[in-house]
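What follows is a single structure, written as structure tokens, with notes after it.
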Amino acid sequence: MCGRTSCHLPKDVLTRACAYQDRRGQQRLPEWRDPDKYCPSYNKSPQSNSPVLLSRLHFEKDADSSERIIAPMRWGLVPSWFKESDPSKLQFNTTNCRSDTIMEKRSFKVPLGKGRRCVVLADGFYEWQRCQGTNQRQPYFIYFPQIKTEKSGSTGAADSPENWEKVWDNWRLLTMAGIFDCWEPPEGGDVLYSYTIITVDSCKGLSDIHHRQARMPAILDGEEAVSKWLDFGEVSTQEALKLIQSTENITFHAVSSVVNNSRNNTPECLAPVDLVVKKELKASGSSQRMLQWLATKSPKKEDSKTPQKEESDVPQWSSQFLQKSSLPTKRGTAGLLEQWLKREKEEEPVAKRPYSQ
């Protein structure tokens, strides 16, 4: 299953990471709907708002279905037919939706039949491995392998379509297939948009973390898969469901137990750790990309009352930091991550330090 993710990019950076080509082959950036509801976080849990991509046709009757919108939605689908006034009173878990029963359950079959397909955006997701012989669980961060290019780390402004590709050649976001629905409170009020993440059988690459019957998110690997899943105006439900399958194109590394508590929202949630000595991993050949990625100033949680950061404060993400994880992670020499995290803690007010479980 998938029960915790990270998506901590500021809005403008997240927008550039989602640049795409429309049906006419024109470079475009998706437009935001309700952007103030988006709160970047290293540690997102169900019932929080996360950014999803969906077709503009869901909001505008005559729109091109290949054009995209980014909208923050509640994680945990609330069916349109739900009659209670409080969504939290829903008696069953809709955080995830099994691919093999998707057409059997009304909560998922109905919105899927209406074309309410979306793509859930994340840096990656977390999974926990049960430690043999104990009650403890070791968390891991799972994400797309990253490819370093000559342009990685570029920082230009997204001022024209020809620059968008140059601007975003950094961290590749994980794109997970989802279904969303629209629920209207019985007594009136704002429509609630919510989603569920589709899950499939876990891939072989995660066998060291998962037990044999575990599930993983249905990951849409590549722009073609993302486009087909979103374009409900041109791609039928039957065709779209062919995209829902397991992928081996992922990598992972162990992280600190700091992530266990969803109230903790710091870069430590993503930092690689050494499973032998249980401390932040020093820079090594396999983790240097992650260290470079985290070594820049981390984006703080966005607040409507706080002015947006200047362009120079946007984190410059590098790309590949792990080709393939091993268990345990190899130890290395002194690096940037420990120094950076120490500096962050020194700068941070005591009241805002992460709560430890």
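Each chain in the structure tokens gets a letter, A, B, ..., in the order shown, and its residues are numbered from 1; ligands are numbered from 1 in order too.
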Distance query segment 28-37 of chain A at most 6 Å, only C-alpha atoms, self and fewer than 4 positions along chain excluded, as a PyMOL selection string:
chain A and resi 19-21+68-71
Would you pick out the contacts of Val259 of chain A at 12 Å or less, using only C-alpha atoms, so that residues sharing its chain but fewer than 6 positions from it are not included, and give the list as an NGL selection string?
:A and (3-6 or 41-45 or 125-128 or 137-141 or 265-272 or 354-357)
Once you have the residues from the selection above, write them out as a PDB file, in the first residue's frame, restricted to C-alpha atoms.
ATOM      1  CA  GLY A   3       0.294   5.594   3.166  1.00  0.00           C
ATOM      2  CA  ARG A   4       2.921   8.340   3.308  1.00  0.00           C
ATOM      3  CA  THR A   5       4.531  10.540   0.652  1.00  0.00           C
ATOM      4  CA  SER A   6       6.779  13.576   0.293  1.00  0.00           C
ATOM      5  CA  SER A  41       5.701  18.786   3.088  1.00  0.00           C
ATOM      6  CA  TYR A  42       8.381  16.135   3.474  1.00  0.00           C
ATOM      7  CA  ASN A  43       5.840  13.955   5.274  1.00  0.00           C
ATOM      8  CA  LYS A  44       2.310  13.850   3.851  1.00  0.00           C
ATOM      9  CA  SER A  45      -0.247  11.476   5.339  1.00  0.00           C
ATOM     10  CA  PHE A 125       6.738   7.597  -1.083  1.00  0.00           C
ATOM     11  CA  TYR A 126       7.670   5.825   2.145  1.00  0.00           C
ATOM     12  CA  GLU A 127       7.355   2.167   3.057  1.00  0.00           C
ATOM     13  CA  TRP A 128       8.202   0.333   6.279  1.00  0.00           C
ATOM     14  CA  ARG A 137       9.903  -1.227  11.443  1.00  0.00           C
ATOM     15  CA  GLN A 138      12.555   0.393   9.245  1.00  0.00           C
ATOM     16  CA  PRO A 139      11.316   3.165   6.919  1.00  0.00           C
ATOM     17  CA  TYR A 140      12.504   3.520   3.304  1.00  0.00           C
ATOM     18  CA  PHE A 141      12.084   6.298   0.748  1.00  0.00           C
ATOM     19  CA  ASN A 265       8.254  17.779   8.528  1.00  0.00           C
ATOM     20  CA  THR A 266      11.988  18.278   7.966  1.00  0.00           C
ATOM     21  CA  PRO A 267      14.612  17.195   5.401  1.00  0.00           C
ATOM     22  CA  GLU A 268      15.662  14.489   7.880  1.00  0.00           C
ATOM     23  CA  CYS A 269      12.621  12.526   6.703  1.00  0.00           C
ATOM     24  CA  LEU A 270      14.377  11.950   3.355  1.00  0.00           C
ATOM     25  CA  ALA A 271      18.013  11.797   4.459  1.00  0.00           C
ATOM     26  CA  PRO A 272      19.754   8.437   3.824  1.00  0.00           C
ATOM     27  CA  PRO A 354      10.545  18.181  15.003  1.00  0.00           C
ATOM     28  CA  TYR A 355       8.537  16.271  17.540  1.00  0.00           C
ATOM     29  CA  SER A 356      10.122  12.889  18.211  1.00  0.00           C
ATOM     30  CA  GLN A 357       7.908   9.894  18.735  1.00  0.00           C
TER      31      GLN A 357
END
Which is closer to Lys114 of chain A than all the others in A:Thr175, A:Gln47, A:Thr247, A:Ser80, using only C-alpha atoms?
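Using only C-alpha atoms, the shortest distance to Lys114 of chain A belongs to A:Ser80.
Shortest atom-to-atom contact with Pro10 of chain A among A:Cys39, A:Leu121, A:Ile102, A:Cys182: A:Cys39, counting only C-alpha atoms.
Closest approach to Tyr195 of chain A among A:Cys118, A:Val226, A:Leu243, A:Ile219 is made by A:Cys118 (distances from only C-alpha atoms).
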Quick one: pull the distance between atom CA of Glu187 of chain A and atom CA of Ser85 of chain A, Å, one decimal.
7.2 Å
Can you list every residue in segment 88-256 of chain A that DSSP puts in alpha helix (DSSP H), as a ChimeraX atom specification?
/A:106-113,161-167,223-230,237-241
Just to be explicit: take each residue in the selection above, keep N, CA, C and O atoms, and write the result as an mmCIF file, in the first residue's frame.
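Ended up saving to out_39.cif:
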data_model
loop_
_atom_site.group_PDB
_atom_site.id
_atom_site.type_symbol
_atom_site.label_atom_id
_atom_site.label_comp_id
_atom_site.auth_asym_id
_atom_site.auth_seq_id
_atom_site.Cartn_x
_atom_site.Cartn_y
_atom_site.Cartn_z
ATOM 1 N N ARG A 106 -18.221 0.322 -5.574
ATOM 2 C CA ARG A 106 -18.955 1.500 -6.034
ATOM 3 C C ARG A 106 -18.176 2.801 -5.832
ATOM 4 O O ARG A 106 -18.224 3.698 -6.678
ATOM 5 N N SER A 107 -17.459 2.902 -4.736
ATOM 6 C CA SER A 107 -16.721 4.131 -4.420
ATOM 7 C C SER A 107 -15.711 4.490 -5.504
ATOM 8 O O SER A 107 -15.407 5.667 -5.716
ATOM 9 N N PHE A 108 -15.176 3.471 -6.184
ATOM 10 C CA PHE A 108 -14.159 3.693 -7.200
ATOM 11 C C PHE A 108 -14.699 3.523 -8.625
ATOM 12 O O PHE A 108 -14.290 4.244 -9.538
ATOM 13 N N LYS A 109 -15.605 2.587 -8.794
ATOM 14 C CA LYS A 109 -16.149 2.298 -10.126
ATOM 15 C C LYS A 109 -16.910 3.497 -10.693
ATOM 16 O O LYS A 109 -16.780 3.816 -11.880
ATOM 17 N N VAL A 110 -17.686 4.170 -9.849
ATOM 18 C CA VAL A 110 -18.497 5.299 -10.327
ATOM 19 C C VAL A 110 -17.638 6.459 -10.824
ATOM 20 O O VAL A 110 -17.796 6.913 -11.962
ATOM 21 N N PRO A 111 -16.691 6.981 -10.011
ATOM 22 C CA PRO A 111 -15.874 8.084 -10.529
ATOM 23 C C PRO A 111 -14.991 7.674 -11.700
ATOM 24 O O PRO A 111 -14.759 8.469 -12.614
ATOM 25 N N LEU A 112 -14.510 6.425 -11.695
ATOM 26 C CA LEU A 112 -13.703 5.971 -12.824
ATOM 27 C C LEU A 112 -14.534 5.973 -14.095
ATOM 28 O O LEU A 112 -14.055 6.379 -15.167
ATOM 29 N N GLY A 113 -15.793 5.542 -14.008
ATOM 30 C CA GLY A 113 -16.679 5.552 -15.166
ATOM 31 C C GLY A 113 -16.968 6.948 -15.688
ATOM 32 O O GLY A 113 -17.305 7.120 -16.858
ATOM 33 N N PRO A 161 8.251 29.133 -23.481
ATOM 34 C CA PRO A 161 8.190 27.679 -23.668
ATOM 35 C C PRO A 161 9.529 27.043 -23.996
ATOM 36 O O PRO A 161 9.827 25.953 -23.529
ATOM 37 N N GLU A 162 10.370 27.719 -24.801
ATOM 38 C CA GLU A 162 11.634 27.107 -25.187
ATOM 39 C C GLU A 162 12.594 26.972 -24.012
ATOM 40 O O GLU A 162 13.546 26.216 -24.062
ATOM 41 N N ASN A 163 12.345 27.712 -22.932
ATOM 42 C CA ASN A 163 13.207 27.628 -21.761
ATOM 43 C C ASN A 163 12.733 26.609 -20.744
ATOM 44 O O ASN A 163 13.468 26.244 -19.827
ATOM 45 N N TRP A 164 11.492 26.140 -20.849
ATOM 46 C CA TRP A 164 10.951 25.281 -19.806
ATOM 47 C C TRP A 164 11.748 24.006 -19.631
ATOM 48 O O TRP A 164 11.994 23.560 -18.514
ATOM 49 N N GLU A 165 12.150 23.404 -20.759
ATOM 50 C CA GLU A 165 12.921 22.166 -20.643
ATOM 51 C C GLU A 165 14.254 22.433 -19.969
ATOM 52 O O GLU A 165 14.735 21.640 -19.162
ATOM 53 N N LYS A 166 14.873 23.578 -20.289
ATOM 54 C CA LYS A 166 16.144 23.926 -19.664
ATOM 55 C C LYS A 166 15.962 24.205 -18.179
ATOM 56 O O LYS A 166 16.797 23.875 -17.368
ATOM 57 N N VAL A 167 14.842 24.841 -17.852
ATOM 58 C CA VAL A 167 14.585 25.189 -16.462
ATOM 59 C C VAL A 167 14.460 23.937 -15.607
ATOM 60 O O VAL A 167 15.045 23.836 -14.532
ATOM 61 N N GLU A 223 5.943 10.276 -19.939
ATOM 62 C CA GLU A 223 4.960 11.276 -20.347
ATOM 63 C C GLU A 223 3.792 10.661 -21.118
ATOM 64 O O GLU A 223 2.646 11.093 -20.971
ATOM 65 N N GLU A 224 4.057 9.651 -21.935
ATOM 66 C CA GLU A 224 2.976 9.029 -22.707
ATOM 67 C C GLU A 224 1.939 8.389 -21.788
ATOM 68 O O GLU A 224 0.725 8.543 -21.987
ATOM 69 N N ALA A 225 2.414 7.682 -20.763
ATOM 70 C CA ALA A 225 1.502 7.044 -19.824
ATOM 71 C C ALA A 225 0.703 8.080 -19.044
ATOM 72 O O ALA A 225 -0.509 7.926 -18.845
ATOM 73 N N VAL A 226 1.353 9.154 -18.621
ATOM 74 C CA VAL A 226 0.664 10.224 -17.892
ATOM 75 C C VAL A 226 -0.414 10.858 -18.772
ATOM 76 O O VAL A 226 -1.555 11.071 -18.340
ATOM 77 N N SER A 227 -0.070 11.140 -20.018
ATOM 78 C CA SER A 227 -1.022 11.778 -20.941
ATOM 79 C C SER A 227 -2.248 10.904 -21.182
ATOM 80 O O SER A 227 -3.386 11.390 -21.160
ATOM 81 N N LYS A 228 -2.027 9.625 -21.408
ATOM 82 C CA LYS A 228 -3.147 8.716 -21.667
ATOM 83 C C LYS A 228 -4.044 8.573 -20.444
ATOM 84 O O LYS A 228 -5.272 8.517 -20.576
ATOM 85 N N TRP A 229 -3.449 8.515 -19.272
ATOM 86 C CA TRP A 229 -4.256 8.351 -18.065
ATOM 87 C C TRP A 229 -5.118 9.593 -17.825
ATOM 88 O O TRP A 229 -6.277 9.490 -17.418
ATOM 89 N N LEU A 230 -4.568 10.765 -18.087
ATOM 90 C CA LEU A 230 -5.307 12.005 -17.823
ATOM 91 C C LEU A 230 -6.355 12.316 -18.889
ATOM 92 O O LEU A 230 -7.400 12.885 -18.581
ATOM 93 N N THR A 237 -11.822 4.207 -20.601
ATOM 94 C CA THR A 237 -11.473 3.589 -19.323
ATOM 95 C C THR A 237 -10.747 2.273 -19.541
ATOM 96 O O THR A 237 -9.739 1.983 -18.878
ATOM 97 N N GLN A 238 -11.234 1.464 -20.470
ATOM 98 C CA GLN A 238 -10.624 0.159 -20.732
ATOM 99 C C GLN A 238 -9.171 0.308 -21.193
ATOM 100 O O GLN A 238 -8.288 -0.443 -20.768
ATOM 101 N N GLU A 239 -8.930 1.289 -22.066
ATOM 102 C CA GLU A 239 -7.563 1.520 -22.543
ATOM 103 C C GLU A 239 -6.678 2.067 -21.430
ATOM 104 O O GLU A 239 -5.517 1.683 -21.293
ATOM 105 N N ALA A 240 -7.238 2.963 -20.650
ATOM 106 C CA ALA A 240 -6.456 3.576 -19.567
ATOM 107 C C ALA A 240 -6.040 2.537 -18.535
ATOM 108 O O ALA A 240 -4.923 2.585 -18.006
ATOM 109 N N LEU A 241 -6.916 1.584 -18.236
ATOM 110 C CA LEU A 241 -6.610 0.581 -17.220
ATOM 111 C C LEU A 241 -5.460 -0.343 -17.627
ATOM 112 O O LEU A 241 -4.840 -0.984 -16.773
#
Just want the 12 Å neighbourhood of segment 204-208 of chain A, counted on only C-alpha atoms, with same-chain residues fewer than 6 positions away dropped. Output as a PyMOL selection string.
chain A and resi 126-132+138+140-143+214-217+246-254+324-328
Interatomic distance (Å, one decimal) between atom CA of Met103 of chain A and atom CA of Phe59 of chain A
24.7 Å
Those of segment 6-237 of chain A in DSSP strand (DSSP E or B), formatted as a compact mmCIF listing (two decimals) with N, CA, C and O atoms, in the first residue's frame:
# COMPACT_ATOMS: atom_id res chain seq x y z
N SER A 6 6.12 12.28 0.15
CA SER A 6 6.78 13.58 0.29
C SER A 6 6.52 14.38 -0.96
O SER A 6 6.64 13.86 -2.08
N CYS A 7 6.14 15.63 -0.80
CA CYS A 7 6.03 16.56 -1.93
C CYS A 7 6.27 17.96 -1.37
O CYS A 7 5.35 18.61 -0.90
N TYR A 20 4.68 20.13 -19.89
CA TYR A 20 4.24 19.06 -20.78
C TYR A 20 3.94 19.61 -22.17
O TYR A 20 3.96 20.82 -22.38
N GLN A 21 3.66 18.73 -23.11
CA GLN A 21 3.24 19.12 -24.46
C GLN A 21 1.76 18.78 -24.62
O GLN A 21 1.34 17.68 -24.29
N GLN A 27 4.60 23.37 -25.95
CA GLN A 27 5.06 23.29 -24.57
C GLN A 27 4.16 24.13 -23.68
O GLN A 27 3.88 25.29 -23.99
N ARG A 28 3.73 23.56 -22.57
CA ARG A 28 2.82 24.27 -21.67
C ARG A 28 3.18 23.97 -20.22
O ARG A 28 3.82 22.97 -19.92
N GLU A 31 -1.94 24.87 -15.16
CA GLU A 31 -2.42 25.98 -14.35
C GLU A 31 -2.94 25.46 -13.02
O GLU A 31 -3.45 24.35 -12.92
N TRP A 32 -2.82 26.30 -11.99
CA TRP A 32 -3.27 25.91 -10.65
C TRP A 32 -4.73 26.23 -10.43
O TRP A 32 -5.26 27.21 -10.92
N SER A 41 5.36 19.57 1.90
CA SER A 41 5.70 18.79 3.09
C SER A 41 6.60 17.62 2.72
O SER A 41 6.46 17.02 1.66
N TYR A 42 7.54 17.32 3.62
CA TYR A 42 8.38 16.13 3.47
C TYR A 42 7.65 14.89 3.98
O TYR A 42 8.18 13.78 3.88
N ASN A 43 6.47 15.06 4.56
CA ASN A 43 5.84 13.96 5.27
C ASN A 43 4.32 14.09 5.20
O ASN A 43 3.67 14.50 6.16
N LYS A 44 3.76 13.73 4.06
CA LYS A 44 2.31 13.85 3.85
C LYS A 44 1.61 12.53 4.20
O LYS A 44 2.04 11.46 3.78
N ASN A 49 -3.82 17.54 2.19
CA ASN A 49 -3.97 17.92 0.78
C ASN A 49 -2.67 17.67 0.04
O ASN A 49 -1.59 18.06 0.51
N SER A 50 -2.77 17.04 -1.11
CA SER A 50 -1.61 16.79 -1.98
C SER A 50 -1.94 17.26 -3.39
O SER A 50 -3.10 17.25 -3.80
N PRO A 51 -0.91 17.67 -4.16
CA PRO A 51 -1.17 18.14 -5.53
C PRO A 51 -1.40 16.98 -6.49
O PRO A 51 -0.68 15.98 -6.46
N VAL A 52 -2.41 17.12 -7.34
CA VAL A 52 -2.67 16.13 -8.38
C VAL A 52 -2.83 16.83 -9.72
O VAL A 52 -3.24 17.99 -9.78
N LEU A 53 -2.50 16.13 -10.78
CA LEU A 53 -2.74 16.60 -12.14
C LEU A 53 -4.06 16.02 -12.63
O LEU A 53 -4.37 14.86 -12.35
N LEU A 54 -4.81 16.82 -13.37
CA LEU A 54 -6.03 16.32 -14.01
C LEU A 54 -6.33 17.15 -15.24
O LEU A 54 -5.75 18.23 -15.44
N SER A 55 -7.21 16.65 -16.08
CA SER A 55 -7.55 17.33 -17.33
C SER A 55 -8.38 18.58 -17.07
O SER A 55 -9.25 18.61 -16.20
N ARG A 68 -3.79 20.55 -18.90
CA ARG A 68 -3.72 20.08 -17.52
C ARG A 68 -3.89 21.17 -16.47
O ARG A 68 -3.50 22.31 -16.67
N ILE A 69 -4.44 20.73 -15.34
CA ILE A 69 -4.61 21.56 -14.16
C ILE A 69 -3.90 20.88 -13.00
O ILE A 69 -3.88 19.65 -12.91
N ILE A 70 -3.28 21.67 -12.11
CA ILE A 70 -2.80 21.13 -10.83
C ILE A 70 -3.76 21.61 -9.76
O ILE A 70 -4.06 22.80 -9.67
N ALA A 71 -4.23 20.68 -8.94
CA ALA A 71 -5.16 21.05 -7.87
C ALA A 71 -4.81 20.29 -6.60
O ALA A 71 -4.58 19.07 -6.65
N PRO A 72 -4.75 20.97 -5.46
CA PRO A 72 -4.59 20.25 -4.19
C PRO A 72 -5.88 19.52 -3.86
O PRO A 72 -6.97 20.11 -3.93
N MET A 73 -5.79 18.25 -3.52
CA MET A 73 -6.97 17.47 -3.16
C MET A 73 -6.72 16.69 -1.87
O MET A 73 -5.57 16.37 -1.54
N ARG A 74 -7.79 16.38 -1.17
CA ARG A 74 -7.70 15.59 0.06
C ARG A 74 -7.34 14.15 -0.28
O ARG A 74 -7.94 13.54 -1.16
N TRP A 75 -6.37 13.61 0.44
CA TRP A 75 -5.96 12.23 0.24
C TRP A 75 -6.90 11.32 1.03
O TRP A 75 -6.95 11.37 2.25
N ASN A 96 -6.16 4.02 -0.48
CA ASN A 96 -5.70 3.27 -1.64
C ASN A 96 -6.86 2.52 -2.27
O ASN A 96 -7.88 2.27 -1.64
N CYS A 97 -6.68 2.16 -3.53
CA CYS A 97 -7.69 1.41 -4.29
C CYS A 97 -6.99 0.27 -5.02
O CYS A 97 -6.11 0.52 -5.85
N ARG A 98 -7.34 -0.94 -4.72
CA ARG A 98 -6.72 -2.10 -5.36
C ARG A 98 -7.13 -2.18 -6.84
O ARG A 98 -8.31 -2.08 -7.17
N ARG A 117 -10.01 10.53 -13.61
CA ARG A 117 -8.67 10.00 -13.43
C ARG A 117 -7.70 11.15 -13.14
O ARG A 117 -7.80 12.22 -13.73
N CYS A 118 -6.77 10.93 -12.24
CA CYS A 118 -5.80 11.96 -11.90
C CYS A 118 -4.43 11.33 -11.71
O CYS A 118 -4.29 10.11 -11.63
N VAL A 119 -3.41 12.18 -11.64
CA VAL A 119 -2.04 11.75 -11.38
C VAL A 119 -1.57 12.42 -10.10
O VAL A 119 -1.53 13.65 -10.02
N VAL A 120 -1.24 11.62 -9.11
CA VAL A 120 -0.79 12.13 -7.82
C VAL A 120 0.71 12.41 -7.90
O VAL A 120 1.49 11.54 -8.30
N LEU A 121 1.11 13.61 -7.52
CA LEU A 121 2.50 14.05 -7.63
C LEU A 121 3.23 13.91 -6.30
O LEU A 121 2.68 14.23 -5.25
N ALA A 122 4.48 13.44 -6.35
CA ALA A 122 5.27 13.29 -5.13
C ALA A 122 6.75 13.22 -5.47
O ALA A 122 7.12 12.86 -6.59
N GLY A 124 8.48 11.16 -3.81
CA GLY A 124 8.54 9.72 -3.66
C GLY A 124 7.60 9.32 -2.53
O GLY A 124 6.87 10.15 -1.99
N PHE A 125 7.60 8.05 -2.17
CA PHE A 125 6.74 7.60 -1.08
C PHE A 125 7.55 6.76 -0.10
O PHE A 125 8.67 6.31 -0.40
N TYR A 126 7.00 6.57 1.08
CA TYR A 126 7.67 5.82 2.14
C TYR A 126 7.01 4.46 2.33
O TYR A 126 5.81 4.31 2.20
N GLU A 127 7.85 3.48 2.66
CA GLU A 127 7.36 2.17 3.06
C GLU A 127 8.16 1.70 4.26
O GLU A 127 9.31 2.12 4.45
N TRP A 128 7.56 0.83 5.06
CA TRP A 128 8.20 0.33 6.28
C TRP A 128 8.44 -1.17 6.18
O TRP A 128 7.55 -1.93 5.83
N GLN A 129 9.66 -1.57 6.52
CA GLN A 129 10.03 -2.98 6.53
C GLN A 129 9.99 -3.50 7.96
O GLN A 129 10.55 -2.88 8.88
N ARG A 130 9.30 -4.61 8.17
CA ARG A 130 9.27 -5.21 9.50
C ARG A 130 10.63 -5.84 9.81
O ARG A 130 11.14 -6.64 9.03
N ARG A 137 9.99 -1.27 12.90
CA ARG A 137 9.90 -1.23 11.44
C ARG A 137 10.87 -0.17 10.92
O ARG A 137 10.96 0.93 11.45
N GLN A 138 11.58 -0.51 9.85
CA GLN A 138 12.55 0.39 9.25
C GLN A 138 11.94 1.11 8.05
O GLN A 138 11.49 0.46 7.10
N PRO A 139 11.89 2.44 8.06
CA PRO A 139 11.32 3.16 6.92
C PRO A 139 12.29 3.30 5.74
O PRO A 139 13.51 3.38 5.95
N TYR A 140 11.73 3.32 4.54
CA TYR A 140 12.50 3.52 3.30
C TYR A 140 11.81 4.58 2.46
O TYR A 140 10.58 4.71 2.49
N PHE A 141 12.61 5.31 1.69
CA PHE A 141 12.08 6.30 0.75
C PHE A 141 12.26 5.73 -0.66
O PHE A 141 13.36 5.29 -1.03
N ILE A 142 11.18 5.73 -1.45
CA ILE A 142 11.15 5.08 -2.76
C ILE A 142 10.80 6.11 -3.83
O ILE A 142 9.87 6.91 -3.65
N TYR A 143 11.50 6.10 -4.96
CA TYR A 143 11.38 7.18 -5.94
C TYR A 143 11.88 6.71 -7.30
O TYR A 143 12.47 5.62 -7.42
N LEU A 174 7.68 11.59 -8.91
CA LEU A 174 6.99 10.32 -9.03
C LEU A 174 5.53 10.61 -9.43
O LEU A 174 4.89 11.49 -8.85
N THR A 175 5.04 9.91 -10.43
CA THR A 175 3.68 10.14 -10.94
C THR A 175 2.85 8.87 -10.73
O THR A 175 3.07 7.85 -11.38
N MET A 176 1.90 8.95 -9.80
CA MET A 176 1.11 7.79 -9.41
C MET A 176 -0.33 7.92 -9.91
O MET A 176 -0.93 9.00 -9.84
N ALA A 177 -0.88 6.84 -10.43
CA ALA A 177 -2.25 6.84 -10.96
C ALA A 177 -3.26 6.91 -9.82
O ALA A 177 -3.15 6.19 -8.83
N GLY A 178 -4.24 7.79 -9.98
CA GLY A 178 -5.27 7.94 -8.96
C GLY A 178 -6.64 8.15 -9.57
O GLY A 178 -6.79 8.34 -10.78
N ILE A 179 -7.65 8.10 -8.71
CA ILE A 179 -9.04 8.41 -9.07
C ILE A 179 -9.51 9.48 -8.10
O ILE A 179 -9.18 9.43 -6.90
N PHE A 180 -10.27 10.45 -8.58
CA PHE A 180 -10.78 11.48 -7.68
C PHE A 180 -12.31 11.54 -7.78
O PHE A 180 -12.92 11.02 -8.71
N ASP A 181 -12.91 12.18 -6.79
CA ASP A 181 -14.35 12.37 -6.80
C ASP A 181 -14.67 13.73 -6.18
O ASP A 181 -13.81 14.36 -5.55
N CYS A 182 -15.90 14.18 -6.39
CA CYS A 182 -16.36 15.48 -5.90
C CYS A 182 -17.53 15.25 -4.95
O CYS A 182 -18.54 14.67 -5.36
N TRP A 183 -17.39 15.69 -3.72
CA TRP A 183 -18.43 15.49 -2.71
C TRP A 183 -19.00 16.84 -2.27
O TRP A 183 -18.24 17.76 -1.94
N LEU A 192 -15.87 19.30 -2.01
CA LEU A 192 -14.61 18.70 -1.59
C LEU A 192 -14.10 17.77 -2.68
O LEU A 192 -14.78 16.83 -3.07
N TYR A 193 -12.89 18.06 -3.17
CA TYR A 193 -12.23 17.18 -4.13
C TYR A 193 -11.28 16.27 -3.35
O TYR A 193 -10.48 16.75 -2.55
N SER A 194 -11.38 14.98 -3.60
CA SER A 194 -10.54 14.02 -2.88
C SER A 194 -10.12 12.90 -3.83
O SER A 194 -10.75 12.69 -4.87
N TYR A 195 -9.07 12.18 -3.47
CA TYR A 195 -8.53 11.16 -4.38
C TYR A 195 -8.09 9.92 -3.62
O TYR A 195 -7.90 9.92 -2.40
N THR A 196 -7.91 8.85 -4.38
CA THR A 196 -7.31 7.62 -3.88
C THR A 196 -6.18 7.22 -4.82
O THR A 196 -6.21 7.55 -6.02
N ILE A 197 -5.16 6.55 -4.29
CA ILE A 197 -4.04 6.07 -5.10
C ILE A 197 -4.28 4.60 -5.45
O ILE A 197 -4.53 3.77 -4.56
N ILE A 198 -4.22 4.27 -6.73
CA ILE A 198 -4.40 2.89 -7.18
C ILE A 198 -3.15 2.09 -6.84
O ILE A 198 -2.02 2.57 -7.01
N THR A 199 -3.34 0.87 -6.34
CA THR A 199 -2.20 0.02 -6.00
C THR A 199 -2.21 -1.26 -6.82
O THR A 199 -3.26 -1.73 -7.26
N VAL A 200 -1.02 -1.80 -7.02
CA VAL A 200 -0.82 -3.04 -7.78
C VAL A 200 0.09 -3.96 -6.97
O VAL A 200 0.62 -3.57 -5.92
N ASP A 201 0.29 -5.19 -7.45
CA ASP A 201 1.23 -6.10 -6.79
C ASP A 201 2.61 -5.46 -6.75
O ASP A 201 3.06 -4.85 -7.72
N ARG A 215 1.56 -4.50 -1.60
CA ARG A 215 1.14 -3.68 -2.73
C ARG A 215 2.04 -2.46 -2.86
O ARG A 215 2.73 -2.06 -1.90
N MET A 216 2.04 -1.85 -4.03
CA MET A 216 2.76 -0.61 -4.27
C MET A 216 1.88 0.28 -5.16
O MET A 216 0.94 -0.19 -5.79
N PRO A 217 2.14 1.59 -5.20
CA PRO A 217 1.35 2.47 -6.07
C PRO A 217 1.49 2.08 -7.54
O PRO A 217 2.54 1.58 -7.96
N ILE A 219 2.47 3.20 -10.71
CA ILE A 219 3.30 4.31 -11.15
C ILE A 219 3.23 4.45 -12.67
O ILE A 219 3.41 3.48 -13.40
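Atom pair atom CA of Phe144 of chain A / atom CA of Ala218 of chain A has a distance of 12.8 Å (rounded to one decimal).
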Please provide the set of residues having any atom within 12 Å of Leu90 of chain A, restricted to only C-alpha atoms, with same-chain residues fewer than 3 positions apart removed, written as a list in words.
Gln47, Gly76, Leu77, Val78, Pro79, Ser80, Trp81, Phe82, Lys83, Glu84, Ser85, Asp86, Pro87, Asn93, Thr94, Thr95 and Ser107 of chain A
